[in-house]
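Asker: This is the structure I want to talk about, given as structure tokens.
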Amino acid sequence: MKKWTREIEINAPIEQVWKFLDGSVENMQKIMPQVVEQKPVKITEEVVGSVYRQTYREGKRTEEYDIETLEYLNETNEKKLKVGFILAKMFDITALYELNKINDNRTSFTYTVTSRPLKWFLKLLLVFATDKVVVEFLDRVKKVAEAETSGSV
């Protein structure tokens with residue numbers, strides 16, 4: 001299993017950042033443009049255990065995944081969302097999004113991803129995997145949240 005964790009400070013209120021992670025598909029697409037749609041499969045009252053079918057487009061290829069909510073916290077100063085899914089029947093992926101309020105206009109965002117190969121021969125691929133995707137994602141969230149906060153979107 002491989003794990004990446006990165007943190008970034010965003011010049012936007014915590015609720016502004018949270019809406020991209022726990023809001024409408026339209027908001028999610030601003031930070032995850034490859035997401036084509038997301039439909040509920042099973043919704044639980046406590047959120048944890050909810051499952052969504054997400055359609056994702058990478059180039060000309062379209063994939064569907066069932067994404068399960070593994071952790072959920074929505075407090076005033078702290079927010080957390082952890083989801084898990086199987087990628088292309090090859091990797092068990094978890095993504096953990098943690099937001100902490102620094103002040104009314106600043107948010108700390110920590111993003112942790114784990115990738116566990118489901119087939120022995122895929123372990124070699126993870127040896128060469130880098131955190132590039134994680135860093136790019138954090139930068140995109142920061143850019144979009146700050147642009148919307150300043151009103152330039």
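Ligands are numbered from 1 in the order shown, residues from 1 within each chain, and chains are lettered A, B, ... in the order they appear in the structure tokens.
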If you run DSSP on the backbone, which residues of range 6-41 of chain A are alpha helix (DSSP H), as a list of chain:residue names?

Answerer: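 DSSP-assigned alpha helix (DSSP H) residues in range 6-41 of chain A: A:Ile14, A:Glu15, A:Gln16, A:Val17, A:Trp18, A:Lys19, A:Phe20, A:Leu21, A:Val25, A:Glu26, A:Asn27, A:Met28, A:Gln29, A:Lys30, A:Ile31.
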
Asker: Please dump the current selection as a PDB file, in the first residue's frame; keep N, CA and C atoms.

Answerer:
ATOM      1  N   ILE A  14     -13.873  28.239   5.609  1.00  0.00           N
ATOM      2  CA  ILE A  14     -13.984  26.781   5.621  1.00  0.00           C
ATOM      3  C   ILE A  14     -15.228  26.304   4.846  1.00  0.00           C
ATOM      4  N   GLU A  15     -16.353  27.006   4.980  1.00  0.00           N
ATOM      5  CA  GLU A  15     -17.582  26.602   4.272  1.00  0.00           C
ATOM      6  C   GLU A  15     -17.419  26.710   2.757  1.00  0.00           C
ATOM      7  N   GLN A  16     -16.649  27.689   2.308  1.00  0.00           N
ATOM      8  CA  GLN A  16     -16.402  27.880   0.877  1.00  0.00           C
ATOM      9  C   GLN A  16     -15.646  26.669   0.305  1.00  0.00           C
ATOM     10  N   VAL A  17     -14.660  26.190   1.036  1.00  0.00           N
ATOM     11  CA  VAL A  17     -13.874  25.039   0.584  1.00  0.00           C
ATOM     12  C   VAL A  17     -14.712  23.756   0.686  1.00  0.00           C
ATOM     13  N   TRP A  18     -15.458  23.623   1.763  1.00  0.00           N
ATOM     14  CA  TRP A  18     -16.262  22.423   2.025  1.00  0.00           C
ATOM     15  C   TRP A  18     -17.296  22.169   0.932  1.00  0.00           C
ATOM     16  N   LYS A  19     -17.870  23.229   0.366  1.00  0.00           N
ATOM     17  CA  LYS A  19     -18.933  23.039  -0.627  1.00  0.00           C
ATOM     18  C   LYS A  19     -18.439  22.296  -1.867  1.00  0.00           C
ATOM     19  N   PHE A  20     -17.137  22.335  -2.136  1.00  0.00           N
ATOM     20  CA  PHE A  20     -16.602  21.601  -3.281  1.00  0.00           C
ATOM     21  C   PHE A  20     -16.496  20.102  -3.001  1.00  0.00           C
ATOM     22  N   LEU A  21     -16.405  19.753  -1.729  1.00  0.00           N
ATOM     23  CA  LEU A  21     -16.253  18.355  -1.331  1.00  0.00           C
ATOM     24  C   LEU A  21     -17.578  17.722  -0.930  1.00  0.00           C
ATOM     25  N   VAL A  25     -22.865  18.281  -7.515  1.00  0.00           N
ATOM     26  CA  VAL A  25     -21.950  17.759  -8.535  1.00  0.00           C
ATOM     27  C   VAL A  25     -21.303  18.919  -9.291  1.00  0.00           C
ATOM     28  N   GLU A  26     -22.076  19.977  -9.533  1.00  0.00           N
ATOM     29  CA  GLU A  26     -21.535  21.148 -10.232  1.00  0.00           C
ATOM     30  C   GLU A  26     -20.354  21.752  -9.464  1.00  0.00           C
ATOM     31  N   ASN A  27     -20.489  21.855  -8.142  1.00  0.00           N
ATOM     32  CA  ASN A  27     -19.381  22.373  -7.338  1.00  0.00           C
ATOM     33  C   ASN A  27     -18.198  21.407  -7.347  1.00  0.00           C
ATOM     34  N   MET A  28     -18.478  20.108  -7.239  1.00  0.00           N
ATOM     35  CA  MET A  28     -17.425  19.102  -7.244  1.00  0.00           C
ATOM     36  C   MET A  28     -16.634  19.145  -8.557  1.00  0.00           C
ATOM     37  N   GLN A  29     -17.345  19.370  -9.669  1.00  0.00           N
ATOM     38  CA  GLN A  29     -16.685  19.393 -10.978  1.00  0.00           C
ATOM     39  C   GLN A  29     -15.702  20.550 -11.120  1.00  0.00           C
ATOM     40  N   LYS A  30     -15.866  21.586 -10.310  1.00  0.00           N
ATOM     41  CA  LYS A  30     -14.924  22.717 -10.362  1.00  0.00           C
ATOM     42  C   LYS A  30     -13.532  22.296  -9.889  1.00  0.00           C
ATOM     43  N   ILE A  31     -13.477  21.322  -8.980  1.00  0.00           N
ATOM     44  CA  ILE A  31     -12.170  20.849  -8.496  1.00  0.00           C
ATOM     45  C   ILE A  31     -11.818  19.468  -9.043  1.00  0.00           C
TER      46      ILE A  31
END

Asker: Go through A:Leu73, A:Met90, A:Val48, A:Ile10 and flag the residue nearest Asn103 in chain A, using only C-alpha atoms for the distances.

Answerer: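 When distances to Asn103 in chain A are compared using only C-alpha atoms, the smallest one comes from A:Ile10.
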
Asker: For CA of Tyr52 in chain A and CA of Thr112 in chain A, quote the distance in Å rounded to one decimal.

Answerer: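 CA of Thr112 in chain A lies 20.1 Å from CA of Tyr52 in chain A.
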
Asker: Taking only C-alpha atoms into account, which of A:Arg53, A:Arg6, A:Lys89, A:Arg61 comes nearest Pro117 in chain A?

Answerer: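 Under the stated criterion, the closest residue is A:Lys89.
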